[in-house]
file target33.cif (mmCIF, C-alpha atoms)
data_entry
loop_
_atom_site.label_atom_id
_atom_site.label_comp_id
_atom_site.auth_asym_id
_atom_site.auth_seq_id
_atom_site.Cartn_x
_atom_site.Cartn_y
_atom_site.Cartn_z
CA MET V 30 -5.80 28.20 5.11
CA ASN V 31 -4.36 26.01 2.35
CA THR V 32 -4.09 22.25 2.38
CA LYS V 33 -0.37 21.81 1.70
CA LEU V 34 0.53 20.22 5.05
CA PHE V 35 -2.61 18.10 5.00
CA ARG V 36 -1.62 16.69 1.62
CA TYR V 37 1.94 15.93 2.75
CA PHE V 38 0.81 14.06 5.83
CA LEU V 39 -1.94 12.11 4.08
CA ALA V 40 0.40 11.10 1.25
CA ILE V 41 3.35 10.16 3.48
CA HIS V 42 1.03 7.95 5.55
CA GLN V 43 -0.15 6.10 2.46
CA ILE V 44 3.27 5.82 0.82
CA TRP V 45 4.70 4.33 4.01
CA LEU V 46 1.85 1.83 4.33
CA LEU V 47 1.87 0.79 0.67
CA SER V 48 5.65 0.35 0.69
CA PHE V 49 5.22 -1.91 3.71
CA LEU V 50 2.63 -3.98 1.80
CA LEU V 51 4.91 -4.29 -1.25
CA ARG V 52 7.29 -6.52 0.72
CA ASP V 53 4.83 -9.40 1.13
CA SER V 54 2.27 -8.35 -1.44
CA TRP V 55 1.10 -11.83 -2.44
CA SER V 56 0.59 -12.90 1.16
CA TRP V 57 -1.56 -9.83 1.79
CA PHE V 58 -3.51 -9.76 -1.44
CA GLY V 59 -3.08 -13.22 -2.99
CA LYS V 60 -5.79 -15.77 -3.64
CA ASN V 61 -7.89 -16.70 -0.60
CA GLN V 62 -6.59 -13.69 1.27
CA MET V 63 -9.47 -11.56 0.21
CA VAL V 64 -11.83 -10.58 2.94
CA THR V 65 -15.02 -8.90 1.89
CA LEU V 66 -16.23 -6.03 3.99
CA ARG V 67 -19.83 -5.28 4.79
CA THR V 68 -21.24 -6.54 1.53
CA PRO V 69 -20.15 -10.16 1.16
CA ASP V 70 -23.10 -11.14 -1.01
CA PHE V 71 -22.10 -9.48 -4.26
CA PRO V 72 -18.83 -9.23 -6.18
CA THR V 73 -17.07 -5.89 -6.34
CA VAL V 74 -15.62 -4.16 -9.37
CA PHE V 75 -12.09 -4.88 -8.14
CA ASP V 76 -12.32 -8.65 -7.89
CA PHE V 77 -9.60 -9.03 -10.54
CA PHE V 78 -7.07 -7.53 -8.14
CA ASN V 79 -5.97 -10.74 -6.47
CA GLN V 80 -5.58 -12.79 -9.66
CA SER V 81 -1.83 -12.37 -10.14
CA PRO V 82 1.20 -11.14 -8.16
CA VAL V 83 2.17 -8.90 -11.11
CA ILE V 84 -1.18 -7.09 -11.06
CA ILE V 85 -0.78 -6.46 -7.34
CA GLN V 86 2.79 -5.14 -7.68
CA VAL V 87 1.81 -2.85 -10.56
CA PHE V 88 -1.21 -1.59 -8.64
CA LEU V 89 0.73 -0.87 -5.47
CA GLY V 90 3.63 0.74 -7.35
CA MET V 91 1.34 2.94 -9.45
CA THR V 92 -0.61 4.03 -6.39
CA ILE V 93 2.60 5.00 -4.56
CA VAL V 94 3.72 7.13 -7.53
CA ILE V 95 0.34 8.88 -7.76
CA TRP V 96 0.32 9.57 -4.01
CA GLY V 97 3.74 11.20 -4.54
CA LEU V 98 2.27 13.45 -7.24
CA PHE V 99 -0.62 14.29 -4.92
CA ALA V 100 1.80 15.36 -2.18
CA LEU V 101 3.70 17.57 -4.61
CA ASP V 102 0.48 19.23 -5.80
CA LYS V 103 1.01 17.86 -9.32
CA LEU V 104 -2.23 15.93 -9.53
CA ASN V 105 -5.30 17.54 -11.03
CA ARG V 106 -8.88 16.79 -10.01
CA TRP V 107 -9.25 13.82 -12.37
CA GLY V 108 -5.93 12.42 -11.20
CA GLN V 109 -7.28 12.55 -7.66
CA VAL V 110 -10.34 10.60 -8.74
CA LEU V 111 -8.05 7.92 -10.20
CA LEU V 112 -6.05 7.89 -6.95
CA PHE V 113 -9.25 7.47 -4.99
CA PHE V 114 -10.28 4.41 -7.00
CA LEU V 115 -6.82 2.85 -6.79
CA ASN V 116 -6.73 3.43 -3.06
CA VAL V 117 -10.15 2.05 -2.23
CA SER V 118 -9.47 -0.97 -4.44
CA ILE V 119 -6.47 -1.84 -2.26
CA HIS V 120 -8.63 -1.37 0.81
CA ASN V 121 -11.33 -3.48 -0.77
CA ALA V 122 -8.97 -6.29 -1.70
CA ASN V 123 -7.69 -6.73 1.80
CA PRO V 124 -9.20 -4.35 4.31
CA TYR V 125 -7.97 -5.84 7.54
CA ILE V 126 -4.35 -5.00 7.06
CA ILE V 127 -5.03 -1.34 6.44
CA HIS V 128 -7.79 -1.11 9.06
CA GLU V 129 -9.39 1.95 10.66
CA PRO V 130 -7.00 4.71 9.57
CA GLN V 131 -7.48 3.55 6.00
CA GLN V 132 -11.20 4.17 6.21
CA MET V 133 -10.36 7.67 7.42
CA VAL V 134 -7.89 8.13 4.55
CA ASN V 135 -10.53 7.10 2.01
CA LEU V 136 -12.98 9.53 3.54
CA LEU V 137 -10.39 12.33 3.63
CA LEU V 138 -9.49 11.64 0.02
CA MET V 139 -13.14 11.82 -0.97
CA ILE V 140 -13.48 15.13 0.89
CA GLN V 141 -10.31 16.37 -0.82
CA ILE V 142 -11.67 15.55 -4.30
CA PHE V 143 -15.16 16.92 -3.97
CA PHE V 144 -14.97 19.62 -1.33
CA LEU V 145 -11.44 21.05 -1.10
CA PRO V 146 -9.66 23.07 -3.82
CA SER V 147 -7.87 20.98 -6.43
CA SER V 148 -4.63 22.86 -5.76
CA ALA V 149 -3.00 23.09 -2.34
CA LYS V 150 -2.27 26.79 -2.96
CA GLN V 151 -5.92 27.84 -3.04
CA PRO V 152 -7.73 28.66 0.21
CA VAL V 153 -10.42 26.37 1.60
CA ASP V 154 -14.04 27.48 1.85
CA LYS V 155 -14.79 28.56 5.45
CA ASN V 156 -18.16 26.75 5.47
CA ILE V 157 -16.47 23.50 4.52
CA LEU V 158 -13.94 23.91 7.32
CA GLN V 159 -16.73 24.54 9.85
CA ILE V 160 -18.53 21.37 8.76
CA LEU V 161 -15.37 19.29 8.97
CA SER V 162 -14.72 20.70 12.45
CA VAL V 163 -18.20 19.66 13.58
CA PHE V 164 -17.67 16.20 12.12
CA LEU V 165 -14.41 15.75 14.02
CA GLY V 166 -16.12 17.04 17.18
CA VAL V 167 -18.97 14.55 16.78
CA TYR V 168 -16.45 11.77 16.23
CA TYR V 169 -14.75 12.59 19.55
CA LEU V 170 -18.11 12.96 21.28
CA LEU V 171 -19.25 9.51 20.15
CA ALA V 172 -15.93 7.97 21.20
CA GLY V 173 -16.38 9.60 24.64
CA LEU V 174 -20.00 8.50 24.96
CA LYS V 175 -19.04 4.93 24.12
CA LYS V 176 -16.45 4.95 26.89
CA LEU V 177 -18.78 6.43 29.51
CA PRO V 178 -20.68 3.27 30.54
CA ASP V 179 -17.42 1.35 30.84
CA ALA V 180 -16.44 0.71 34.44
CA LEU V 181 -12.73 0.73 33.57
CA TRP V 182 -12.90 4.28 32.22
CA LEU V 183 -15.15 5.46 35.02
CA HIS V 184 -12.79 4.15 37.70
CA GLY V 185 -9.71 5.53 36.00
CA GLN V 186 -8.22 2.10 35.26
CA ALA V 187 -8.62 1.89 31.49
CA LEU V 188 -5.27 3.34 30.42
CA GLU V 189 -3.30 1.26 32.88
CA ILE V 190 -4.90 -1.92 31.55
CA LEU V 191 -4.73 -0.96 27.86
CA LEU V 192 -1.13 0.16 28.16
CA LEU V 193 -0.06 -3.21 29.50
CA TRP V 194 -2.33 -5.32 27.29
CA PRO V 195 0.07 -7.47 25.20
CA PRO V 196 -1.24 -6.65 21.67
CA PHE V 197 -0.92 -2.90 22.40
CA PHE V 198 2.21 -3.12 24.53
CA LYS V 199 5.23 -1.13 23.31
CA GLY V 200 7.63 -1.64 26.18
CA ASN V 201 9.73 1.49 25.58
CA LEU V 202 11.02 3.93 28.20
CA PHE V 203 7.91 6.11 27.99
CA THR V 204 5.63 3.11 28.60
CA LEU V 205 7.72 2.08 31.57
CA PHE V 206 7.64 5.64 32.94
CA LEU V 207 3.83 5.70 32.72
CA LYS V 208 3.58 2.23 34.19
CA ASN V 209 5.50 3.38 37.25
CA ASN V 210 3.41 6.53 37.72
CA SER V 211 -0.09 5.24 38.17
CA TYR V 212 -1.41 8.63 39.38
CA LEU V 213 -0.45 10.04 35.97
CA LEU V 214 -2.34 7.24 34.23
CA VAL V 215 -5.48 7.88 36.29
CA PHE V 216 -5.22 11.61 35.56
CA THR V 217 -4.74 10.98 31.82
CA ASN V 218 -7.65 8.51 31.85
CA TYR V 219 -10.04 11.24 33.01
CA LEU V 220 -8.34 13.89 30.88
CA VAL V 221 -8.97 11.82 27.72
CA LEU V 222 -12.58 11.27 28.71
CA VAL V 223 -13.21 14.99 29.37
CA PHE V 224 -11.28 15.96 26.22
CA GLU V 225 -13.43 13.71 24.02
CA LEU V 226 -16.72 14.80 25.57
CA LEU V 227 -15.92 18.54 25.46
CA PHE V 228 -13.99 18.72 22.20
CA LEU V 229 -17.00 19.83 20.13
CA PRO V 230 -18.10 22.84 22.25
CA LEU V 231 -14.51 23.91 23.00
CA LEU V 232 -13.65 23.84 19.32
CA PHE V 233 -15.78 26.93 18.85
CA SER V 234 -14.55 28.73 21.95
CA ARG V 235 -11.52 30.88 22.78
CA LEU V 236 -9.81 27.76 24.09
CA ARG V 237 -9.48 26.43 20.55
CA ARG V 238 -5.68 26.69 20.32
CA TRP V 239 -5.25 24.99 23.72
CA LEU V 240 -7.56 22.25 22.54
CA PHE V 241 -5.27 21.75 19.56
CA LEU V 242 -2.23 21.55 21.81
CA LEU V 243 -3.89 19.10 24.19
CA GLY V 244 -5.18 16.92 21.33
CA LEU V 245 -1.73 16.90 19.76
CA LEU V 246 -0.15 15.83 23.05
CA ILE V 247 -2.75 13.12 23.63
CA HIS V 248 -2.29 11.65 20.15
CA LEU V 249 1.50 11.83 20.31
CA GLY V 250 1.29 10.23 23.75
CA ILE V 251 -0.87 7.40 22.41
CA SER V 252 1.52 6.90 19.53
CA ALA V 253 4.57 6.82 21.82
CA SER V 254 3.12 4.55 24.48
CA MET V 255 0.83 2.11 22.66
CA GLU V 256 1.03 -0.03 19.54
CA VAL V 257 -2.01 1.20 17.64
CA GLY V 258 -0.60 1.56 14.14
CA THR V 259 -1.04 4.84 12.31
CA PHE V 260 -4.17 6.01 14.11
CA SER V 261 -2.48 9.11 15.59
CA TRP V 262 -1.09 10.08 12.20
CA ILE V 263 -4.55 10.15 10.65
CA MET V 264 -5.97 12.17 13.52
CA LEU V 265 -3.16 14.64 12.91
CA CYS V 266 -4.35 14.90 9.28
CA TRP V 267 -7.78 15.92 10.59
CA TYR V 268 -6.11 18.50 12.84
CA LEU V 269 -4.26 19.92 9.85
CA LEU V 270 -7.61 20.44 8.17
CA VAL V 271 -9.66 21.91 10.99
CA PHE V 272 -7.08 23.92 12.96
CA PRO V 273 -5.06 26.82 11.50
CA VAL V 274 -1.84 24.94 12.26
CA GLU V 275 0.39 27.11 10.07
CA ALA V 276 -0.76 30.25 11.91
CA TYR V 277 -0.13 28.54 15.27
CA VAL V 278 3.40 27.60 14.18
CA LYS V 279 4.10 31.16 12.97
CA THR V 280 2.81 32.66 16.25
CA PHE V 281 4.86 30.18 18.25
CA ALA V 282 8.02 30.97 16.25
CA TYR V 283 7.39 34.72 16.64
CA ASN V 284 6.95 34.36 20.42
CA VAL V 285 10.12 32.29 20.73
CA LYS V 286 12.04 34.96 18.75
CA SER V 287 10.63 37.76 20.93
CA LEU V 288 11.60 35.87 24.05
CA GLY V 289 15.11 35.42 22.63
CA ARG V 290 15.37 39.16 21.92
CA HIS V 291 14.23 40.01 25.46
CA ALA V 292 16.70 37.57 26.93
CA SER V 293 19.62 39.02 24.91
CA LYS V 294 18.75 42.58 26.08
CA MET Q 18 -27.25 32.33 -2.47
CA LEU Q 19 -27.17 28.81 -1.14
CA LYS Q 20 -23.86 27.03 -1.51
CA LEU Q 21 -24.35 23.48 -2.69
CA LYS Q 22 -21.01 22.01 -1.57
CA PRO Q 23 -21.36 22.62 2.19
CA ILE Q 24 -24.92 21.26 2.10
CA ILE Q 25 -23.86 18.06 0.34
CA LEU Q 26 -20.88 17.62 2.68
CA SER Q 27 -23.13 18.13 5.74
CA ILE Q 28 -25.59 15.52 4.50
CA LEU Q 29 -22.78 13.08 3.72
CA LEU Q 30 -21.15 13.42 7.15
CA ILE Q 31 -24.49 13.28 8.99
CA LEU Q 32 -25.31 10.06 7.15
CA ILE Q 33 -21.98 8.58 8.18
CA VAL Q 34 -22.62 9.44 11.83
CA VAL Q 35 -26.18 8.15 11.67
CA SER Q 36 -25.21 4.89 9.99
CA ALA Q 37 -22.58 4.24 12.64
CA HIS Q 38 -25.00 4.34 15.49
CA ASP Q 39 -27.86 2.00 14.84
CA ILE Q 40 -30.45 4.73 14.60
CA LEU Q 41 -31.52 3.15 11.35
CA PRO Q 42 -32.12 -0.58 11.07
CA ASP Q 43 -29.28 -2.53 9.43
CA LYS Q 44 -31.13 -3.01 6.19
CA ALA Q 45 -31.67 0.72 5.75
CA ASN Q 46 -27.96 1.35 6.33
CA TYR Q 47 -27.15 -1.27 3.77
CA ILE Q 48 -29.37 0.38 1.16
CA LEU Q 49 -28.01 3.80 2.08
CA TRP Q 50 -24.39 2.90 1.52
CA ARG Q 51 -24.73 0.07 -0.99
CA ALA Q 52 -23.31 2.10 -3.87
CA ILE Q 53 -20.13 3.21 -2.16
CA ALA Q 54 -19.71 -0.04 -0.23
CA ARG Q 55 -19.47 -1.62 -3.69
CA ILE Q 56 -16.27 0.30 -4.39
CA GLY Q 57 -14.83 -0.59 -1.03
CA ILE Q 58 -15.57 2.31 1.24
CA ASP Q 59 -16.76 1.31 4.63
CA VAL Q 60 -18.11 4.62 5.80
CA ALA Q 61 -19.50 3.77 9.21
CA MET Q 62 -17.46 5.09 12.09
CA THR Q 63 -18.27 2.06 14.25
CA PRO Q 64 -14.99 0.23 13.55
CA LEU Q 65 -13.09 3.24 14.80
CA THR Q 66 -14.25 2.37 18.27
CA ALA Q 67 -14.97 -1.29 17.58
CA ASP Q 68 -13.00 -2.53 20.55
CA MET Q 69 -15.36 -0.76 22.93
CA SER Q 70 -17.77 -3.69 22.68
CA LEU Q 71 -14.99 -5.87 24.01
CA MET Q 72 -14.38 -3.52 26.91
CA MET Q 73 -17.99 -3.10 27.91
CA GLU Q 74 -19.05 -6.27 29.58
CA PRO Q 75 -21.16 -4.98 32.46
CA SER Q 76 -22.34 -8.46 33.43
CA GLU Q 77 -18.79 -9.73 33.78
CA ALA Q 78 -16.39 -9.08 36.61
CA THR Q 79 -13.43 -8.49 34.30
CA SER Q 80 -13.18 -6.95 30.85
CA PHE Q 81 -11.71 -8.56 27.74
CA TYR Q 82 -8.52 -6.59 28.32
CA GLN Q 83 -8.07 -7.93 31.83
CA ARG Q 84 -7.88 -11.52 30.70
CA LYS Q 85 -4.56 -13.13 29.87
CA ILE Q 86 -4.12 -13.29 26.09
CA SER Q 87 -1.55 -15.30 24.17
CA ILE Q 88 -1.08 -16.69 20.68
CA VAL Q 89 -0.33 -20.39 20.89
CA GLY Q 90 1.26 -22.21 17.95
CA THR Q 91 0.85 -25.96 17.55
CA THR Q 92 3.36 -28.16 15.75
CA LYS Q 93 3.39 -31.96 15.29
CA ASP Q 94 4.63 -32.62 18.78
CA SER Q 95 4.42 -29.43 20.80
CA GLU Q 96 2.33 -26.44 21.71
CA GLN Q 97 3.96 -23.14 22.60
CA PRO Q 98 2.91 -19.52 22.99
CA PHE Q 99 4.65 -16.94 20.80
CA ALA Q 100 6.52 -14.12 22.53
CA TRP Q 101 4.57 -10.89 21.98
CA ASP Q 102 7.61 -8.86 21.02
CA SER Q 103 8.18 -11.19 18.07
CA LEU Q 104 4.70 -10.44 16.67
CA GLY Q 105 4.53 -7.34 14.45
CA PHE Q 106 1.55 -5.02 14.73
CA TYR Q 107 0.37 -5.04 11.13
CA GLU Q 108 1.48 -8.61 10.47
CA ILE Q 109 -0.18 -10.36 13.40
CA ARG Q 110 -1.39 -8.21 16.30
CA LEU Q 111 -3.92 -6.29 14.26
CA PRO Q 112 -5.20 -9.29 12.26
CA ILE Q 113 -5.85 -11.26 15.44
CA LEU Q 114 -7.83 -8.37 16.91
CA LEU Q 115 -9.96 -8.02 13.80
CA PHE Q 116 -10.17 -11.80 13.46
CA THR Q 117 -12.82 -11.94 16.18
CA GLU Q 118 -15.14 -9.82 14.05
CA TYR Q 119 -15.04 -12.29 11.19
CA ALA Q 120 -14.60 -15.60 12.96
CA ALA Q 121 -18.31 -16.15 13.51
CA ASN Q 122 -18.59 -16.57 9.76
CA GLU Q 123 -16.25 -19.47 8.87
CA ALA Q 124 -15.94 -18.46 5.22
CA GLY Q 125 -15.25 -14.85 6.12
CA SER Q 126 -12.41 -15.79 8.43
CA LEU Q 127 -10.47 -17.79 5.83
CA GLY Q 128 -8.48 -14.78 4.65
CA PHE Q 129 -7.55 -13.90 8.21
CA THR Q 130 -6.56 -17.47 9.06
CA ASN Q 131 -4.35 -17.67 5.97
CA ALA Q 132 -2.67 -14.35 6.62
CA ILE Q 133 -2.03 -15.10 10.29
CA CYS Q 134 -0.71 -18.57 9.40
CA PHE Q 135 1.58 -17.10 6.72
CA GLN Q 136 3.11 -14.66 9.18
CA LEU Q 137 3.37 -17.15 12.08
CA LYS Q 138 5.05 -19.68 9.78
CA LYS Q 139 7.82 -17.17 9.18
CA LEU Q 140 8.58 -17.50 12.90
CA LYS Q 141 7.85 -21.22 13.15
CA PRO Q 142 7.90 -23.02 9.76
CA GLU Q 143 6.60 -26.31 11.20
CA LEU Q 144 3.37 -24.69 12.47
CA ILE Q 145 0.17 -26.73 11.97
CA SER Q 146 -2.39 -24.57 13.72
CA PHE Q 147 -2.72 -21.55 15.99
CA ARG Q 148 -4.99 -20.52 18.82
CA ILE Q 149 -5.87 -17.17 20.35
CA ASP Q 150 -5.85 -18.15 23.98
CA LEU Q 151 -7.79 -16.16 26.55
CA LYS Q 152 -7.79 -17.00 30.23
CA PRO Q 153 -10.03 -17.46 32.10
CA PRO Q 154 -12.16 -18.87 29.26
CA ARG Q 155 -15.80 -17.90 28.72
CA GLU Q 156 -18.75 -19.37 26.86
CA THR Q 157 -18.80 -16.43 24.48
CA ASP Q 158 -15.23 -17.09 23.32
CA LEU Q 159 -15.88 -19.86 20.79
CA PRO Q 160 -18.21 -17.89 18.47
CA LEU Q 161 -15.53 -15.18 18.37
CA GLY Q 162 -12.96 -17.74 17.27
CA LEU Q 163 -11.09 -17.52 20.57
CA ASN Q 164 -9.72 -20.51 22.50
CA LYS Q 165 -10.12 -22.62 19.40
CA ASN Q 166 -7.47 -24.20 17.14
CA TRP Q 167 -7.37 -22.81 13.61
CA ILE Q 168 -5.71 -25.17 11.15
CA CYS Q 169 -3.28 -23.63 8.68
CA LYS Q 170 -4.38 -24.92 5.29
CA ASN Q 171 -1.63 -23.29 3.25
CA GLU Q 172 -4.13 -21.81 0.82
CA TYR Q 173 -1.95 -19.00 -0.45
#
call {"tool": "encode", "arguments": {"input": "target33.cif", "output": "structure tokens"}}
result
Amino acid sequence: MNTKLFRYFLAIHQIWLLSFLLRDSWSWFGKNQMVTLRTPDFPTVFDFFNQSPVIIQVFLGMTIVIWGLFALDKLNRWGQVLLFFLNVSIHNANPYIIHEPQQMVNLLLMIQIFFLPSSAKQPVDKNILQILSVFLGVYYLLAGLKKLPDALWLHGQALEILLLWPPFFKGNLFTLFLKNNSYLLVFTNYLVLVFELLFLPLLFSRLRRWLFLLGLLIHLGISASMEVGTFSWIMLCWYLLVFPVEAYVKTFAYNVKSLGRHASK
Amino acid sequence: MLKLKPIILSILLILIVVSAHDILPDKANYILWRAIARIGIDVAMTPLTADMSLMMEPSEATSFYQRKISIVGTTKDSEQPFAWDSLGFYEIRLPILLFTEYAANEAGSLGFTNAICFQLKKLKPELISFRIDLKPPRETDLPLGLNKNWICKNEY
């Protein structure tokens, strides 16, 4: 397995987000916009960031260019370290706008620098992949365990309520379709719960490729039906790391071709 | 021969999981992650499922998500809710969700208030203050910054 697709997806996510921030950069990062994270009692090394609009523009622009180089596999290990510091400084200067997926991106970037090969062409160590798989499994398990005591999830009502909750509401055709098929929402409610709780053991079973397919559908479904930012995109980046996606695609293409040949005979 | 990289990665990821789930007291977590928190990495996974605390209200009949939520803008002579489809996700919807985490600390919420005001003023330039309105109201709303008017101070 190489990390080419993983790099593309991670970089495209960041380039899109940073380009979005460029539009109103001073309002996001200007004076008095800074929100400190978990350590409000001491200054950080990037406190200079919000001193001038020019500094912010240069920072954002430079980071976009370096992400581009990263995607094209033109960034060496030290370049990745620089990218990491630029990226976390943006997060640090105004974390709320970039939110949860950004924390995941920073973590993935750190894993990329220290644990994955510096070039996308080289294969990834199998032990590292196993550990990342366990981490993703634990993440799902904890998300499932947190949902378990919640009456809404237990009674199959959570998705119906979340889907229609104004801050998450998308109001497209897919949302309306789900809204009108409440049995589907109840089914998906329990499916998500079971998926999260069983992801870890199933990841190391023969059902692995079906788990990938189900996870992909769930995340695409979330993305299509609810306004939750780029969360699904980042989960897809994890999938690109822990599942042999390229092999799945090749097998799928081969099967489609074989079916075509059979049909033409 | 032992491979160092997988061992370090395992320790790192285990520490992230542990720190997210209150197994250690807060102070220990703080010491554990002080160095990388300094460069802006919030490693705990808690925020990834942060909204769960809003959903789980076993003592209440209805969850946070079942209450009617609206963003009300106040001008000199009127008060009106904003239409949800006019409020962008990254510009306003997300900041107001995260706002509740920071509102308990007045100083910490200043950045949020400014950013929300900036974006709402694009829709309504004469805006003086805004309110995240939740109905029916509860006693616990005020410390979260809900059902309370936040004055736009134009500090940007």
call {"tool": "closest_residue", "arguments": {"input": "target33.cif", "among": "Q:Lys141, Q:Lys170, Q:Lys165, Q:Lys93", "to": "chain V", "atoms": "all atoms listed in the file"}}
result
Q:Lys170
call {"tool": "resolve_selection", "arguments": {"input": "target33.cif", "expression": "the PyMOL selection byres ((chain Q and resi 151) around 12)", "output": "list in words"}}
result
Pro195 of chain V; Ser80, Phe81, Tyr82, Gln83, Arg84, Lys85, Ile86, Ser87, Ile88, Val89, Pro98, Arg148, Ile149, Asp150, Lys152, Pro153, Pro154, Arg155, Glu156, Thr157, Asp158, Leu159, Leu161, Gly162, Leu163, Asn164 and Lys165 of chain Q
call {"tool": "closest_residue", "arguments": {"input": "target33.cif", "among": "Q:Asn131, Q:Leu29, Q:Gln97, Q:Thr91", "to": "chain V", "atoms": "only C-alpha atoms"}}
result
Q:Asn131
call {"tool": "closest_residue", "arguments": {"input": "target33.cif", "among": "V:Gly90, V:Gly289, V:Gly244, V:Gly258", "to": "chain Q", "atoms": "all atoms listed in the file"}}
result
V:Gly258
call {"tool": "closest_residue", "arguments": {"input": "target33.cif", "among": "V:Leu270, V:Leu177, V:Leu51, V:Leu115", "to": "Val163 in chain V", "atoms": "all atoms listed in the file"}}
result
V:Leu270
call {"tool": "atom_distance", "arguments": {"input": "target33.cif", "atom1": "CA of Val167 in chain V", "atom2": "CA of Leu30 in chain Q"}}
result
9.9 Å
call {"tool": "atom_distance", "arguments": {"input": "target33.cif", "atom1": "CA of Ser54 in chain V", "atom2": "CA of Leu136 in chain V"}}
result
24.0 Å
call {"tool": "closest_residue", "arguments": {"input": "target33.cif", "among": "Q:Ile28, Q:Ala52, Q:Cys134, Q:Leu115", "to": "chain V", "atoms": "only C-alpha atoms"}}
result
Q:Leu115
call {"tool": "resolve_selection", "arguments": {"input": "target33.cif", "expression": "the PyMOL selection byres ((chain V and resi 164) around 9)", "output": "PyMOL selection string"}}
result
(chain V and resi 159-163+165-169+229) or (chain Q and resi 27+30-31+34)
call {"tool": "write_last_selection", "arguments": {"input": "target33.cif", "atoms": "C-alpha atoms", "output": "compact mmCIF listing (two decimals), in the frame of the given file"}}
result
# COMPACT_ATOMS: atom_id res chain seq x y z
CA GLN V 159 -16.73 24.54 9.85
CA ILE V 160 -18.53 21.37 8.76
CA LEU V 161 -15.37 19.29 8.97
CA SER V 162 -14.72 20.70 12.45
CA VAL V 163 -18.20 19.66 13.58
CA LEU V 165 -14.41 15.75 14.02
CA GLY V 166 -16.12 17.04 17.18
CA VAL V 167 -18.97 14.55 16.78
CA TYR V 168 -16.45 11.77 16.23
CA TYR V 169 -14.75 12.59 19.55
CA LEU V 229 -17.00 19.83 20.13
CA SER Q 27 -23.13 18.13 5.74
CA LEU Q 30 -21.15 13.42 7.15
CA ILE Q 31 -24.49 13.28 8.99
CA VAL Q 34 -22.62 9.44 11.83
call {"tool": "atom_distance", "arguments": {"input": "target33.cif", "atom1": "CA of Gly108 in chain V", "atom2": "CA of Gln43 in chain V"}}
result
16.1 Å
call {"tool": "build_atoms", "arguments": {"input": "target33.cif", "residues": "range 220-232 of chain V", "atoms": "N, CA and C atoms", "output": "CSV table (one decimal), in the frame of the given file"}}
result
chain,number,residue,atom,x,y,z
V,220,LEU,N,-8.6,12.8,31.8
V,220,LEU,CA,-8.3,13.9,30.9
V,220,LEU,C,-8.8,13.5,29.5
V,221,VAL,N,-8.5,12.3,29.1
V,221,VAL,CA,-9.0,11.8,27.7
V,221,VAL,C,-10.5,11.8,27.6
V,222,LEU,N,-11.1,11.3,28.7
V,222,LEU,CA,-12.6,11.3,28.7
V,222,LEU,C,-13.2,12.7,28.6
V,223,VAL,N,-12.7,13.6,29.4
V,223,VAL,CA,-13.2,15.0,29.4
V,223,VAL,C,-12.9,15.6,28.0
V,224,PHE,N,-11.7,15.4,27.5
V,224,PHE,CA,-11.3,16.0,26.2
V,224,PHE,C,-12.2,15.5,25.1
V,225,GLU,N,-12.6,14.2,25.1
V,225,GLU,CA,-13.4,13.7,24.0
V,225,GLU,C,-14.9,14.3,24.1
V,226,LEU,N,-15.3,14.3,25.4
V,226,LEU,CA,-16.7,14.8,25.6
V,226,LEU,C,-16.9,16.3,25.3
V,227,LEU,N,-15.8,17.1,25.6
V,227,LEU,CA,-15.9,18.5,25.5
V,227,LEU,C,-15.3,19.1,24.2
V,228,PHE,N,-14.7,18.2,23.4
V,228,PHE,CA,-14.0,18.7,22.2
V,228,PHE,C,-14.9,19.6,21.3
V,229,LEU,N,-16.1,19.1,21.1
V,229,LEU,CA,-17.0,19.8,20.1
V,229,LEU,C,-17.3,21.3,20.6
V,230,PRO,N,-17.8,21.5,21.8
V,230,PRO,CA,-18.1,22.8,22.2
V,230,PRO,C,-16.8,23.7,22.4
V,231,LEU,N,-15.7,23.1,22.8
V,231,LEU,CA,-14.5,23.9,23.0
V,231,LEU,C,-13.9,24.3,21.7
V,232,LEU,N,-14.2,23.5,20.6
V,232,LEU,CA,-13.6,23.8,19.3
V,232,LEU,C,-14.1,25.2,18.8
